[in-house]
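Undergrad: Pasting input-v3.cif here (mmCIF, C-alpha atoms and all ligand atoms):
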```cif
data_model
#
loop_
_atom_site.group_PDB
_atom_site.id
_atom_site.type_symbol
_atom_site.label_atom_id
_atom_site.label_comp_id
_atom_site.auth_asym_id
_atom_site.auth_seq_id
_atom_site.Cartn_x
_atom_site.Cartn_y
_atom_site.Cartn_z
ATOM 1 C CA MET A 27 99.848 123.595 121.775
ATOM 2 C CA LYS A 28 100.092 126.887 119.884
ATOM 3 C CA LYS A 29 97.127 129.206 119.436
ATOM 4 C CA GLU A 30 95.208 128.887 116.174
ATOM 5 C CA ASN A 31 97.110 130.887 113.567
ATOM 6 C CA GLY A 32 95.266 129.929 110.378
ATOM 7 C CA ASN A 33 98.067 127.563 109.399
ATOM 8 C CA ILE A 34 97.275 124.083 108.145
ATOM 9 C CA LYS A 35 98.650 121.368 110.450
ATOM 10 C CA LEU A 36 100.498 118.337 109.117
ATOM 11 C CA ALA A 37 101.363 115.460 111.462
ATOM 12 C CA ILE A 38 104.502 113.448 110.760
ATOM 13 C CA GLN A 39 106.373 110.730 112.642
ATOM 14 C CA LYS A 40 108.540 112.188 115.398
ATOM 15 C CA ASP A 41 111.357 109.700 115.380
ATOM 16 C CA GLY A 42 111.272 106.623 113.212
ATOM 17 C CA ARG A 43 111.595 105.123 109.791
ATOM 18 C CA LEU A 44 109.347 107.680 108.089
ATOM 19 C CA THR A 45 110.765 110.816 109.703
ATOM 20 C CA GLU A 46 113.701 111.561 107.428
ATOM 21 C CA ASN A 47 111.849 110.874 104.179
ATOM 22 C CA SER A 48 108.834 112.904 105.311
ATOM 23 C CA LEU A 49 111.038 115.922 106.139
ATOM 24 C CA GLN A 50 112.976 115.530 102.892
ATOM 25 C CA LEU A 51 109.786 115.492 100.849
ATOM 26 C CA LEU A 52 108.646 118.725 102.520
ATOM 27 C CA LYS A 53 112.050 120.346 101.996
ATOM 28 C CA ASN A 54 111.890 119.385 98.328
ATOM 29 C CA CYS A 55 108.564 121.249 98.249
ATOM 30 C CA ASN A 56 110.654 124.305 99.142
ATOM 31 C CA LEU A 57 109.393 124.487 102.710
ATOM 32 C CA ASP A 58 111.807 126.076 105.158
ATOM 33 C CA ILE A 59 111.402 124.025 108.335
ATOM 34 C CA GLU A 60 112.688 125.259 111.705
ATOM 35 C CA LYS A 61 115.005 122.954 113.644
ATOM 36 C CA PHE A 62 112.625 120.790 115.640
ATOM 37 C CA ASN A 63 114.780 119.365 118.445
ATOM 38 C CA ASP A 64 112.194 118.069 120.897
ATOM 39 C CA LYS A 65 109.336 120.382 120.020
ATOM 40 C CA LEU A 66 105.859 119.001 119.368
ATOM 41 C CA VAL A 67 104.895 121.780 116.960
ATOM 42 C CA VAL A 68 107.206 123.491 114.507
ATOM 43 C CA SER A 69 106.360 126.268 112.070
ATOM 44 C CA VAL A 70 107.426 126.434 108.473
ATOM 45 C CA ARG A 71 109.024 129.839 107.918
ATOM 46 C CA ASN A 72 107.857 130.423 104.358
ATOM 47 C CA TYR A 73 104.469 128.674 104.288
ATOM 48 C CA LYS A 74 101.188 128.653 106.207
ATOM 49 C CA LEU A 75 101.959 125.242 107.672
ATOM 50 C CA ASP A 76 102.735 123.868 111.141
ATOM 51 C CA LEU A 77 104.313 120.458 111.584
ATOM 52 C CA LEU A 78 103.178 118.232 114.440
ATOM 53 C CA PHE A 79 105.690 115.581 115.498
ATOM 54 C CA LEU A 80 103.897 112.494 116.838
ATOM 55 C CA ARG A 81 104.264 108.755 117.339
ATOM 56 C CA ASP A 82 103.117 107.188 114.107
ATOM 57 C CA ASP A 83 100.364 105.191 115.848
ATOM 58 C CA ASP A 84 98.702 108.438 116.960
ATOM 59 C CA ILE A 85 98.715 110.149 113.560
ATOM 60 C CA PRO A 86 95.573 108.563 112.020
ATOM 61 C CA GLU A 87 93.436 109.453 115.026
ATOM 62 C CA TYR A 88 94.748 113.023 115.249
ATOM 63 C CA VAL A 89 93.861 113.489 111.589
ATOM 64 C CA GLN A 90 90.487 111.787 111.985
ATOM 65 C CA ASP A 91 89.640 114.169 114.836
ATOM 66 C CA GLY A 92 90.912 117.198 112.910
ATOM 67 C CA VAL A 93 93.639 118.084 115.434
ATOM 68 C CA ALA A 94 95.880 117.989 112.379
ATOM 69 C CA GLU A 95 94.239 118.419 108.976
ATOM 70 C CA LEU A 96 96.931 116.328 107.242
ATOM 71 C CA GLY A 97 99.278 113.494 108.099
ATOM 72 C CA ILE A 98 102.036 111.351 106.652
ATOM 73 C CA VAL A 99 101.913 107.757 107.891
ATOM 74 C CA GLY A 100 102.178 104.140 106.741
ATOM 75 C CA GLU A 101 99.115 102.461 105.239
ATOM 76 C CA ASP A 102 99.651 99.657 107.772
ATOM 77 C CA VAL A 103 99.024 102.034 110.664
ATOM 78 C CA ILE A 104 95.901 103.489 109.030
ATOM 79 C CA LYS A 105 94.440 100.015 108.486
ATOM 80 C CA GLU A 106 95.345 98.877 111.995
ATOM 81 C CA THR A 107 93.852 101.907 113.756
ATOM 82 C CA LYS A 108 90.794 101.804 111.449
ATOM 83 C CA ALA A 109 90.785 105.599 111.548
ATOM 84 C CA ASN A 110 88.231 107.384 109.419
ATOM 85 C CA VAL A 111 90.550 109.457 107.211
ATOM 86 C CA LYS A 112 90.979 109.957 103.485
ATOM 87 C CA ILE A 113 94.123 108.717 101.729
ATOM 88 C CA VAL A 114 95.175 111.461 99.319
ATOM 89 C CA LYS A 115 98.429 110.242 97.800
ATOM 90 C CA LYS A 116 100.924 107.391 97.935
ATOM 91 C CA LEU A 117 104.342 108.888 98.617
ATOM 92 C CA GLY A 118 106.697 106.186 97.322
ATOM 93 C CA PHE A 119 108.740 105.632 100.513
ATOM 94 C CA GLY A 120 108.397 103.460 103.636
ATOM 95 C CA LYS A 121 107.553 100.464 101.483
ATOM 96 C CA CYS A 122 107.199 97.201 103.393
ATOM 97 C CA ASN A 123 105.072 94.079 103.566
ATOM 98 C CA LEU A 124 103.103 92.726 106.477
ATOM 99 C CA ARG A 125 103.701 89.005 106.195
ATOM 100 C CA ILE A 126 103.070 85.842 108.080
ATOM 101 C CA ALA A 127 106.408 84.254 108.930
ATOM 102 C CA ILE A 128 106.908 80.645 109.927
ATOM 103 C CA PRO A 129 109.788 78.563 111.315
ATOM 104 C CA GLU A 130 112.387 77.699 108.681
ATOM 105 C CA ASN A 131 111.625 73.982 108.937
ATOM 106 C CA VAL A 132 107.875 74.386 108.329
ATOM 107 C CA ASP A 133 106.109 74.462 104.963
ATOM 108 C CA ILE A 134 102.782 76.080 104.271
ATOM 109 C CA LYS A 135 101.001 75.067 101.084
ATOM 110 C CA ASN A 136 97.560 76.497 101.650
ATOM 111 C CA LEU A 137 96.096 79.282 103.695
ATOM 112 C CA SER A 138 94.101 76.605 105.488
ATOM 113 C CA ASP A 139 97.377 75.394 107.047
ATOM 114 C CA LEU A 140 96.964 78.393 109.366
ATOM 115 C CA ASN A 141 93.888 76.845 110.978
ATOM 116 C CA ASN A 142 94.246 76.286 114.738
ATOM 117 C CA LYS A 143 97.644 78.003 114.840
ATOM 118 C CA ARG A 144 98.640 80.803 117.219
ATOM 119 C CA ILE A 145 99.972 83.844 115.366
ATOM 120 C CA ALA A 146 101.747 86.629 117.274
ATOM 121 C CA THR A 147 101.502 90.160 115.906
ATOM 122 C CA SER A 148 101.418 93.831 116.775
ATOM 123 C CA TYR A 149 98.775 94.218 114.046
ATOM 124 C CA PRO A 150 95.837 92.330 115.630
ATOM 125 C CA ASN A 151 93.130 94.155 113.659
ATOM 126 C CA ILE A 152 94.683 93.682 110.223
ATOM 127 C CA LEU A 153 95.492 90.047 110.953
ATOM 128 C CA SER A 154 92.055 89.248 112.392
ATOM 129 C CA ASP A 155 90.342 90.816 109.372
ATOM 130 C CA TYR A 156 92.617 88.885 107.030
ATOM 131 C CA LEU A 157 91.930 85.582 108.771
ATOM 132 C CA HIS A 158 88.206 86.297 108.929
ATOM 133 C CA ASN A 159 88.028 87.210 105.218
ATOM 134 C CA ASN A 160 89.814 83.988 104.363
ATOM 135 C CA LYS A 161 87.677 81.918 106.745
ATOM 136 C CA ILE A 162 90.654 80.816 108.814
ATOM 137 C CA GLU A 163 90.249 79.940 112.485
ATOM 138 C CA ALA A 164 93.528 80.905 114.140
ATOM 139 C CA LYS A 165 94.371 82.519 117.449
ATOM 140 C CA VAL A 166 95.724 86.065 117.227
ATOM 141 C CA VAL A 167 98.263 86.716 119.991
ATOM 142 C CA HIS A 168 98.688 90.463 120.446
ATOM 143 C CA ILE A 169 102.184 91.578 121.480
ATOM 144 C CA SER A 170 103.554 95.037 120.993
ATOM 145 C CA GLY A 171 107.275 94.510 120.384
ATOM 146 C CA SER A 172 109.878 91.893 119.388
ATOM 147 C CA VAL A 173 107.193 89.817 117.738
ATOM 148 C CA GLU A 174 109.824 87.700 116.004
ATOM 149 C CA ALA A 175 110.868 86.164 119.337
ATOM 150 C CA ALA A 176 107.390 84.753 120.021
ATOM 151 C CA PRO A 177 107.817 81.309 118.360
ATOM 152 C CA SER A 178 111.080 80.516 120.155
ATOM 153 C CA LEU A 179 109.510 81.626 123.450
ATOM 154 C CA GLY A 180 106.627 79.239 122.806
ATOM 155 C CA ILE A 181 104.048 82.045 122.865
ATOM 156 C CA ALA A 182 102.978 81.453 119.271
ATOM 157 C CA ASP A 183 103.497 79.116 116.314
ATOM 158 C CA TYR A 184 103.854 81.793 113.671
ATOM 159 C CA ILE A 185 104.142 85.560 113.553
ATOM 160 C CA CYS A 186 102.699 88.318 111.392
ATOM 161 C CA ASP A 187 105.043 91.291 111.116
ATOM 162 C CA LEU A 188 106.510 93.920 108.798
ATOM 163 C CA VAL A 189 109.272 92.586 106.599
ATOM 164 C CA SER A 190 111.606 94.471 104.307
ATOM 165 C CA THR A 191 114.893 92.549 104.050
ATOM 166 C CA GLY A 192 114.059 89.415 106.023
ATOM 167 C CA ASN A 193 117.269 89.641 108.073
ATOM 168 C CA THR A 194 115.507 89.854 111.434
ATOM 169 C CA LEU A 195 113.494 86.795 110.501
ATOM 170 C CA LYS A 196 116.617 84.845 109.590
ATOM 171 C CA LEU A 197 118.213 85.675 112.938
ATOM 172 C CA ASN A 198 115.192 84.101 114.613
ATOM 173 C CA LYS A 199 115.151 81.050 112.300
ATOM 174 C CA LEU A 200 111.971 82.197 110.611
ATOM 175 C CA LYS A 201 111.088 82.693 106.956
ATOM 176 C CA ALA A 202 108.510 84.913 105.297
ATOM 177 C CA SER A 203 105.426 83.203 103.967
ATOM 178 C CA ILE A 204 101.956 84.594 103.169
ATOM 179 C CA ASN A 205 101.710 88.297 102.296
ATOM 180 C CA VAL A 206 98.930 89.948 104.275
ATOM 181 C CA LEU A 207 99.375 93.603 103.291
ATOM 182 C CA GLU A 208 101.603 95.808 101.144
ATOM 183 C CA SER A 209 102.247 99.194 102.660
ATOM 184 C CA GLU A 210 103.921 102.505 101.916
ATOM 185 C CA ALA A 211 103.798 106.001 103.365
ATOM 186 C CA VAL A 212 100.755 108.013 102.318
ATOM 187 C CA LEU A 213 99.441 111.537 102.726
ATOM 188 C CA ILE A 214 96.116 111.515 104.577
ATOM 189 C CA LYS A 215 93.584 114.252 105.193
ATOM 190 C CA THR A 216 90.784 114.811 107.611
ATOM 191 C CA LYS A 217 87.254 114.468 106.262
ATOM 192 C CA GLY A 218 85.329 117.658 105.537
ATOM 193 C CA LEU A 219 88.454 119.706 104.900
ATOM 194 C CA ASP A 220 86.857 121.190 101.769
ATOM 195 C CA LYS A 221 84.397 123.052 104.016
ATOM 196 C CA LYS A 222 87.194 125.219 105.433
ATOM 197 C CA ILE A 223 87.966 127.115 102.251
ATOM 198 C CA GLU A 224 91.164 128.876 103.349
ATOM 199 C CA THR A 225 92.766 125.756 104.819
ATOM 200 C CA TYR A 226 91.565 123.704 101.863
ATOM 201 C CA ASN A 227 93.319 126.047 99.455
ATOM 202 C CA ILE A 228 96.588 125.692 101.373
ATOM 203 C CA PHE A 229 96.118 121.916 101.152
ATOM 204 C CA LEU A 230 95.561 122.057 97.382
ATOM 205 C CA ASN A 231 98.691 124.138 96.911
ATOM 206 C CA LEU A 232 100.772 121.822 99.098
ATOM 207 C CA LEU A 233 99.410 118.778 97.255
ATOM 208 C CA SER A 234 100.397 120.227 93.892
ATOM 209 C CA ARG A 235 103.922 120.855 95.224
ATOM 210 C CA ILE A 236 104.128 117.286 96.513
ATOM 211 C CA GLU A 237 102.868 115.927 93.181
ATOM 212 C CA SER A 238 105.426 117.950 91.267
ATOM 213 C CA VAL A 239 108.234 116.615 93.490
ATOM 214 C CA LEU A 240 107.005 113.033 93.039
ATOM 215 C CA ASN A 241 106.726 113.473 89.258
ATOM 216 C CA ALA A 242 110.197 114.974 89.108
ATOM 217 C CA LYS A 243 111.634 111.989 90.989
ATOM 218 C CA LYS A 244 110.325 109.661 88.331
ATOM 219 C CA SER A 245 112.025 111.626 85.556
ATOM 220 C CA LYS A 246 115.483 112.763 84.549
ATOM 221 C CA TYR A 247 116.756 115.404 82.178
ATOM 222 C CA LEU A 248 118.824 113.852 79.381
ATOM 223 C CA MET A 249 121.193 115.867 77.175
ATOM 224 C CA MET A 250 123.550 114.798 74.399
ATOM 225 C CA ASN A 251 125.181 115.907 71.181
ATOM 226 C CA VAL A 252 124.499 114.263 67.834
ATOM 227 C CA GLU A 253 125.657 114.763 64.263
ATOM 228 C CA LYS A 254 123.019 115.594 61.713
ATOM 229 C CA GLU A 255 123.051 112.227 59.942
ATOM 230 C CA SER A 256 122.437 110.352 63.219
ATOM 231 C CA LEU A 257 119.726 112.696 64.457
ATOM 232 C CA ASN A 258 116.675 110.671 63.420
ATOM 233 C CA GLN A 259 118.080 107.392 64.641
ATOM 234 C CA VAL A 260 118.921 108.860 68.062
ATOM 235 C CA LEU A 261 115.540 110.590 68.362
ATOM 236 C CA GLY A 262 113.902 107.227 67.689
ATOM 237 C CA ILE A 263 115.598 105.716 70.724
ATOM 238 C CA ILE A 264 114.679 108.386 73.303
ATOM 239 C CA PRO A 265 111.603 107.412 75.384
ATOM 240 C CA SER A 266 110.824 111.046 76.019
ATOM 241 C CA LEU A 267 107.756 112.242 77.935
ATOM 242 C CA LYS A 268 107.213 115.018 75.385
ATOM 243 C CA SER A 269 108.853 115.711 72.042
ATOM 244 C CA PRO A 270 112.605 116.253 72.653
ATOM 245 C CA THR A 271 114.186 119.669 72.031
ATOM 246 C CA VAL A 272 116.723 119.771 69.184
ATOM 247 C CA LEU A 273 119.130 122.745 69.112
ATOM 248 C CA PRO A 274 121.715 123.512 66.431
ATOM 249 C CA LEU A 275 125.207 124.045 67.875
ATOM 250 C CA ALA A 276 127.935 126.465 66.775
ATOM 251 C CA GLU A 277 129.810 123.640 65.124
ATOM 252 C CA GLU A 278 128.178 122.870 61.797
ATOM 253 C CA ASN A 279 126.205 119.619 61.493
ATOM 254 C CA LEU A 280 126.170 119.180 65.269
ATOM 255 C CA PHE A 281 122.975 119.296 67.335
ATOM 256 C CA ALA A 282 122.141 119.131 71.035
ATOM 257 C CA ILE A 283 119.157 117.030 72.093
ATOM 258 C CA HIS A 284 117.388 117.690 75.416
ATOM 259 C CA ALA A 285 114.637 115.407 76.691
ATOM 260 C CA VAL A 286 112.829 114.424 79.890
ATOM 261 C CA ILE A 287 112.791 110.652 80.248
ATOM 262 C CA PRO A 288 111.556 108.142 82.867
ATOM 263 C CA SER A 289 114.521 107.641 85.263
ATOM 264 C CA GLU A 290 114.532 103.852 85.037
ATOM 265 C CA LYS A 291 114.866 103.888 81.219
ATOM 266 C CA PHE A 292 118.295 105.513 81.124
ATOM 267 C CA TRP A 293 120.419 102.383 81.597
ATOM 268 C CA GLU A 294 118.300 100.531 79.041
ATOM 269 C CA ILE A 295 119.035 103.019 76.267
ATOM 270 C CA VAL A 296 122.474 104.437 76.996
ATOM 271 C CA ASP A 297 124.420 101.841 74.979
ATOM 272 C CA GLU A 298 121.996 102.158 72.092
ATOM 273 C CA LEU A 299 122.417 105.942 72.107
ATOM 274 C CA LYS A 300 126.200 105.650 72.045
ATOM 275 C CA SER A 301 126.257 103.190 69.174
ATOM 276 C CA ALA A 302 123.804 105.381 67.248
ATOM 277 C CA GLY A 303 126.373 108.206 67.479
ATOM 278 C CA ALA A 304 125.362 110.256 70.531
ATOM 279 C CA SER A 305 128.233 111.859 72.460
ATOM 280 C CA GLY A 306 128.596 113.966 75.626
ATOM 281 C CA ILE A 307 125.610 112.221 77.211
ATOM 282 C CA LEU A 308 124.502 113.935 80.436
ATOM 283 C CA LEU A 309 121.751 112.844 82.813
ATOM 284 C CA LEU A 310 120.556 115.394 85.359
ATOM 285 C CA PRO A 311 118.067 115.245 88.249
ATOM 286 C CA ILE A 312 114.950 117.401 88.011
ATOM 287 C CA GLU A 313 113.671 119.290 91.035
ATOM 288 C CA ASN A 314 110.083 119.898 89.996
ATOM 289 C CA ILE A 315 107.730 119.054 87.169
ATOM 290 C CA VAL A 316 104.478 120.970 87.075
ATOM 291 C CA LEU A 317 102.156 119.108 84.725
HETATM 292 P P1 LIG A 401 106.799 105.124 116.706
HETATM 293 O O1 LIG A 401 107.803 105.359 117.779
HETATM 294 O O2 LIG A 401 106.516 106.391 115.926
HETATM 295 O O3 LIG A 401 105.563 104.434 117.173
HETATM 296 P P2 LIG A 401 107.403 102.630 115.315
HETATM 297 O O4 LIG A 401 108.532 101.931 115.969
HETATM 298 O O5 LIG A 401 106.007 102.168 115.534
HETATM 299 O O6 LIG A 401 107.539 104.187 115.638
HETATM 300 P P3 LIG A 401 108.820 102.490 112.776
HETATM 301 O O7 LIG A 401 109.558 101.224 113.000
HETATM 302 O O8 LIG A 401 109.560 103.768 112.768
HETATM 303 O O9 LIG A 401 107.537 102.623 113.737
HETATM 304 O O10 LIG A 401 108.042 102.306 111.384
HETATM 305 C C1 LIG A 401 107.195 103.299 110.890
HETATM 306 C C2 LIG A 401 106.585 102.832 109.603
HETATM 307 O O11 LIG A 401 107.605 102.592 108.642
HETATM 308 C C3 LIG A 401 105.830 101.509 109.653
HETATM 309 O O12 LIG A 401 104.515 101.680 110.130
HETATM 310 C C4 LIG A 401 105.846 101.089 108.204
HETATM 311 O O13 LIG A 401 104.790 101.722 107.505
HETATM 312 C C5 LIG A 401 107.162 101.638 107.700
HETATM 313 N N1 LIG A 401 108.231 100.624 107.453
HETATM 314 C C6 LIG A 401 108.952 100.513 106.339
HETATM 315 N N2 LIG A 401 109.837 99.519 106.364
HETATM 316 C C7 LIG A 401 109.694 98.941 107.536
HETATM 317 C C8 LIG A 401 110.329 97.823 108.165
HETATM 318 N N3 LIG A 401 111.276 97.133 107.567
HETATM 319 N N4 LIG A 401 109.966 97.505 109.401
HETATM 320 C C9 LIG A 401 109.029 98.236 110.029
HETATM 321 N N5 LIG A 401 108.366 99.268 109.466
HETATM 322 C C10 LIG A 401 108.689 99.625 108.238
HETATM 323 ZN ZN ZN A 402 104.482 103.079 116.166
#
```
Could you show the structure in this file as structure tokens?

TA:
Amino acid sequence: MKKENGNIKLAIQKDGRLTENSLQLLKNCNLDIEKFNDKLVVSVRNYKLDLLFLRDDDIPEYVQDGVAELGIVGEDVIKETKANVKIVKKLGFGKCNLRIAIPENVDIKNLSDLNNKRIATSYPNILSDYLHNNKIEAKVVHISGSVEAAPSLGIADYICDLVSTGNTLKLNKLKASINVLESEAVLIKTKGLDKKIETYNIFLNLLSRIESVLNAKKSKYLMMNVEKESLNQVLGIIPSLKSPTVLPLAEENLFAIHAVIPSEKFWEIVDELKSAGASGILLLPIENIVL
């Protein structure tokens, strides 16, 4: 490990489903990250930040113990490790559900149908807590990989595993049933960080960059041209975050409208805009929004 250099340390997954999105988020924050190859610690060239590349299961504990002040990891892993860390921000990627899955030919009507069953999982803590909270008596069978094979091997009746598309389940003649936990990647911080003023200030600055990137993702920059007589009608359609900008153009009676809109609204309004007389409609991505 490197000597202390006053940099804040952020732990991210070394090689897995969260790695690419975590790095992309940091790059969008304008951080210039060295090539990491197989290094454990990598510096950011233009920021007082070091990246620690770890297995995701280790990240909550490293952050709890203050080895890294910050981490990016799935909520599922935080809950499973029961680490004492603070969740700062949901990051909008790595979304998945931890679900109980059952053989295709079985039907579950009530949670109580789980009583006396054996459920295989690599999330024994989350599952045990869930069963306990719902007063279900079932046996939790802890296995660390290929959980979906457990029913056909006769090790368990059901499984509890992460599901996104359900394809792996289908291959094993299983179907998703009860939802135990919804998860996405989150930014976590070590407790007591506010006592280290210098590091805390770096954290606050990084957080505001991350927030501005996340805000920008939710919005798009919309531009179009409109004739004067259609102006009010078109302005009435635009679900703009703030009042749109209206600019007169060189051609008489023609105006340009610029507005920031929620990304998902665009396809709802584009036909309406066209029939109200808007032309030259452009939709552009936004890199940052500082609120
Ligand atoms: P590591 O080698 O770091 O221990 P891993 O194999 O435990 O990696 P990954 O499969 O890379 O972990 O998943 C990392 C995280 O990605 C999960 O904890 C979860 O939060 C999230 N995730 C999102 N979609 C899925 C999915 N379909 N299956 C599994 N995890 C998913
Ligand atoms: Zn893992």

Undergrad: Using only C-alpha atoms, can you tell me which of A:Glu95, A:Ala242, A:Gly100, A:Ser203 comes closest to A:Asp220?

TA: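 Among A:Glu95, A:Ala242, A:Gly100, A:Ser203, it is A:Glu95 that comes nearest to A:Asp220.
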
Undergrad: Neighbourhood query: residues within 9 Å of (108.4, 109.3, 119.3), file coordinates, counting only C-alpha atoms; return as a list in words.

TA: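 Final list of nearby residues, as requested, is Gln39, Lys40, Asp41, Gly42, Phe79, Leu80, Arg81 and Asp82 of chain A.
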
Undergrad: Looking at A:Lys53, A:Arg43, A:Lys221, A:Lys161, which one is nearest to ligand ZN 402 (chain A), with distances taken over all atoms listed in the file?

TA: A:Arg43

Undergrad: Applying 9 Å and all atoms listed in the file, which residues near stretch 193-196 of chain A remain after dropping the ones on its own chain fewer than 6 positions away? List them as a PyMOL selection string.

TA: chain A and resi 127+130+174+202

Undergrad: To test the calculation: enclose all listed atoms of ligand LIG 401 (chain A) in a box whose edges run along x, y and z, add 8 Å on each side, then state centre and edge lengths in Å to one decimal, as AutoDock Vina command-line options.

TA:
```
--center_x 107.9 --center_y 101.8 --center_z 112.1 --size_x 22.8 --size_y 25.3 --size_z 27.4
```

Undergrad: Kindly work out which residues sit at most 9 Å from ligand LIG 401 (chain A), using only C-alpha atoms and all ligand atoms, and give the list as a PDB file with C-alpha atoms, in the coordinates of the input.

TA:
```pdb
ATOM      1  CA  ILE A  38     104.502 113.448 110.760  1.00  0.00           C
ATOM      2  CA  GLN A  39     106.373 110.730 112.642  1.00  0.00           C
ATOM      3  CA  LYS A  40     108.540 112.188 115.398  1.00  0.00           C
ATOM      4  CA  ASP A  41     111.357 109.700 115.380  1.00  0.00           C
ATOM      5  CA  GLY A  42     111.272 106.623 113.212  1.00  0.00           C
ATOM      6  CA  ARG A  43     111.595 105.123 109.791  1.00  0.00           C
ATOM      7  CA  LEU A  44     109.347 107.680 108.089  1.00  0.00           C
ATOM      8  CA  THR A  45     110.765 110.816 109.703  1.00  0.00           C
ATOM      9  CA  LEU A  80     103.897 112.494 116.838  1.00  0.00           C
ATOM     10  CA  ARG A  81     104.264 108.755 117.339  1.00  0.00           C
ATOM     11  CA  ASP A  82     103.117 107.188 114.107  1.00  0.00           C
ATOM     12  CA  ASP A  83     100.364 105.191 115.848  1.00  0.00           C
ATOM     13  CA  ASP A  84      98.702 108.438 116.960  1.00  0.00           C
ATOM     14  CA  ILE A  85      98.715 110.149 113.560  1.00  0.00           C
ATOM     15  CA  VAL A  99     101.913 107.757 107.891  1.00  0.00           C
ATOM     16  CA  GLY A 100     102.178 104.140 106.741  1.00  0.00           C
ATOM     17  CA  GLU A 101      99.115 102.461 105.239  1.00  0.00           C
ATOM     18  CA  ASP A 102      99.651  99.657 107.772  1.00  0.00           C
ATOM     19  CA  VAL A 103      99.024 102.034 110.664  1.00  0.00           C
ATOM     20  CA  ILE A 104      95.901 103.489 109.030  1.00  0.00           C
ATOM     21  CA  PHE A 119     108.740 105.632 100.513  1.00  0.00           C
ATOM     22  CA  GLY A 120     108.397 103.460 103.636  1.00  0.00           C
ATOM     23  CA  LYS A 121     107.553 100.464 101.483  1.00  0.00           C
ATOM     24  CA  CYS A 122     107.199  97.201 103.393  1.00  0.00           C
ATOM     25  CA  ASN A 123     105.072  94.079 103.566  1.00  0.00           C
ATOM     26  CA  LEU A 124     103.103  92.726 106.477  1.00  0.00           C
ATOM     27  CA  GLY A 171     107.275  94.510 120.384  1.00  0.00           C
ATOM     28  CA  ASP A 187     105.043  91.291 111.116  1.00  0.00           C
ATOM     29  CA  LEU A 188     106.510  93.920 108.798  1.00  0.00           C
ATOM     30  CA  VAL A 189     109.272  92.586 106.599  1.00  0.00           C
ATOM     31  CA  SER A 190     111.606  94.471 104.307  1.00  0.00           C
ATOM     32  CA  THR A 191     114.893  92.549 104.050  1.00  0.00           C
ATOM     33  CA  GLY A 192     114.059  89.415 106.023  1.00  0.00           C
ATOM     34  CA  SER A 209     102.247  99.194 102.660  1.00  0.00           C
ATOM     35  CA  GLU A 210     103.921 102.505 101.916  1.00  0.00           C
ATOM     36  CA  ALA A 211     103.798 106.001 103.365  1.00  0.00           C
TER      37      ALA A 211
END
```

Undergrad: In terms of the shortest atom-to-atom distance over all atoms listed in the file, which of A:Ser170, A:Asn72, A:Asn142, A:Ser301 is closest to ligand ZN 402 (chain A)?

TA: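 Residue with the minimum atom-to-atom distance to ligand ZN 402 (chain A): A:Ser170.
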
Undergrad: Could you work out how far atom CA of A:Val68 lies from atom CA of A:Gly32, giving the answer in Å with one decimal?

TA: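 Atom CA of A:Val68 lies 14.2 Å from atom CA of A:Gly32.
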
Undergrad: I need the residue set behind the PyMOL selection byres (((chain A and resi 268-281) around 10) and not hetatm) for this file; please write it as a PDB file with C-alpha atoms, in the frame of the given file.

TA:
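This is the output file expr.pdb:
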```pdb
ATOM      1  CA  LEU A 248     118.824 113.852  79.381  1.00  0.00           C
ATOM      2  CA  MET A 249     121.193 115.867  77.175  1.00  0.00           C
ATOM      3  CA  MET A 250     123.550 114.798  74.399  1.00  0.00           C
ATOM      4  CA  ASN A 251     125.181 115.907  71.181  1.00  0.00           C
ATOM      5  CA  VAL A 252     124.499 114.263  67.834  1.00  0.00           C
ATOM      6  CA  GLU A 253     125.657 114.763  64.263  1.00  0.00           C
ATOM      7  CA  LYS A 254     123.019 115.594  61.713  1.00  0.00           C
ATOM      8  CA  GLU A 255     123.051 112.227  59.942  1.00  0.00           C
ATOM      9  CA  SER A 256     122.437 110.352  63.219  1.00  0.00           C
ATOM     10  CA  LEU A 257     119.726 112.696  64.457  1.00  0.00           C
ATOM     11  CA  LEU A 261     115.540 110.590  68.362  1.00  0.00           C
ATOM     12  CA  ILE A 264     114.679 108.386  73.303  1.00  0.00           C
ATOM     13  CA  PRO A 265     111.603 107.412  75.384  1.00  0.00           C
ATOM     14  CA  SER A 266     110.824 111.046  76.019  1.00  0.00           C
ATOM     15  CA  LEU A 267     107.756 112.242  77.935  1.00  0.00           C
ATOM     16  CA  ALA A 282     122.141 119.131  71.035  1.00  0.00           C
ATOM     17  CA  ILE A 283     119.157 117.030  72.093  1.00  0.00           C
ATOM     18  CA  HIS A 284     117.388 117.690  75.416  1.00  0.00           C
ATOM     19  CA  ALA A 285     114.637 115.407  76.691  1.00  0.00           C
ATOM     20  CA  VAL A 286     112.829 114.424  79.890  1.00  0.00           C
ATOM     21  CA  ILE A 287     112.791 110.652  80.248  1.00  0.00           C
ATOM     22  CA  ALA A 304     125.362 110.256  70.531  1.00  0.00           C
TER      23      ALA A 304
END
```

Undergrad: What does the structure give for the distance between atom CA of A:Ile228 and atom CA of A:Ser48, in Å to one decimal?

TA: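 Between atom CA of A:Ile228 and atom CA of A:Ser48 the gap is 18.1 Å.
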
Undergrad: Mind pulling up the distance from atom CA of A:Asp155 to atom CA of A:Ile128?

TA: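 One can read the atom CA of A:Ile128 to atom CA of A:Asp155 distance as 19.4 Å.
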
Undergrad: Could you name the residues that touch A:Val93 at 10 Å or less, counting all atoms listed in the file, but leaving out those on the same chain fewer than 6 positions away, as a compact mmCIF listing (two decimals) with C-alpha atoms, in the frame of the given file?

TA:
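Result file is out.txt:
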```txt
# COMPACT_ATOMS: atom_id res chain seq x y z
CA LYS A 35 98.65 121.37 110.45
CA LEU A 36 100.50 118.34 109.12
CA ALA A 37 101.36 115.46 111.46
CA LEU A 78 103.18 118.23 114.44
CA ILE A 85 98.72 110.15 113.56
CA GLU A 87 93.44 109.45 115.03
CA THR A 216 90.78 114.81 107.61
```
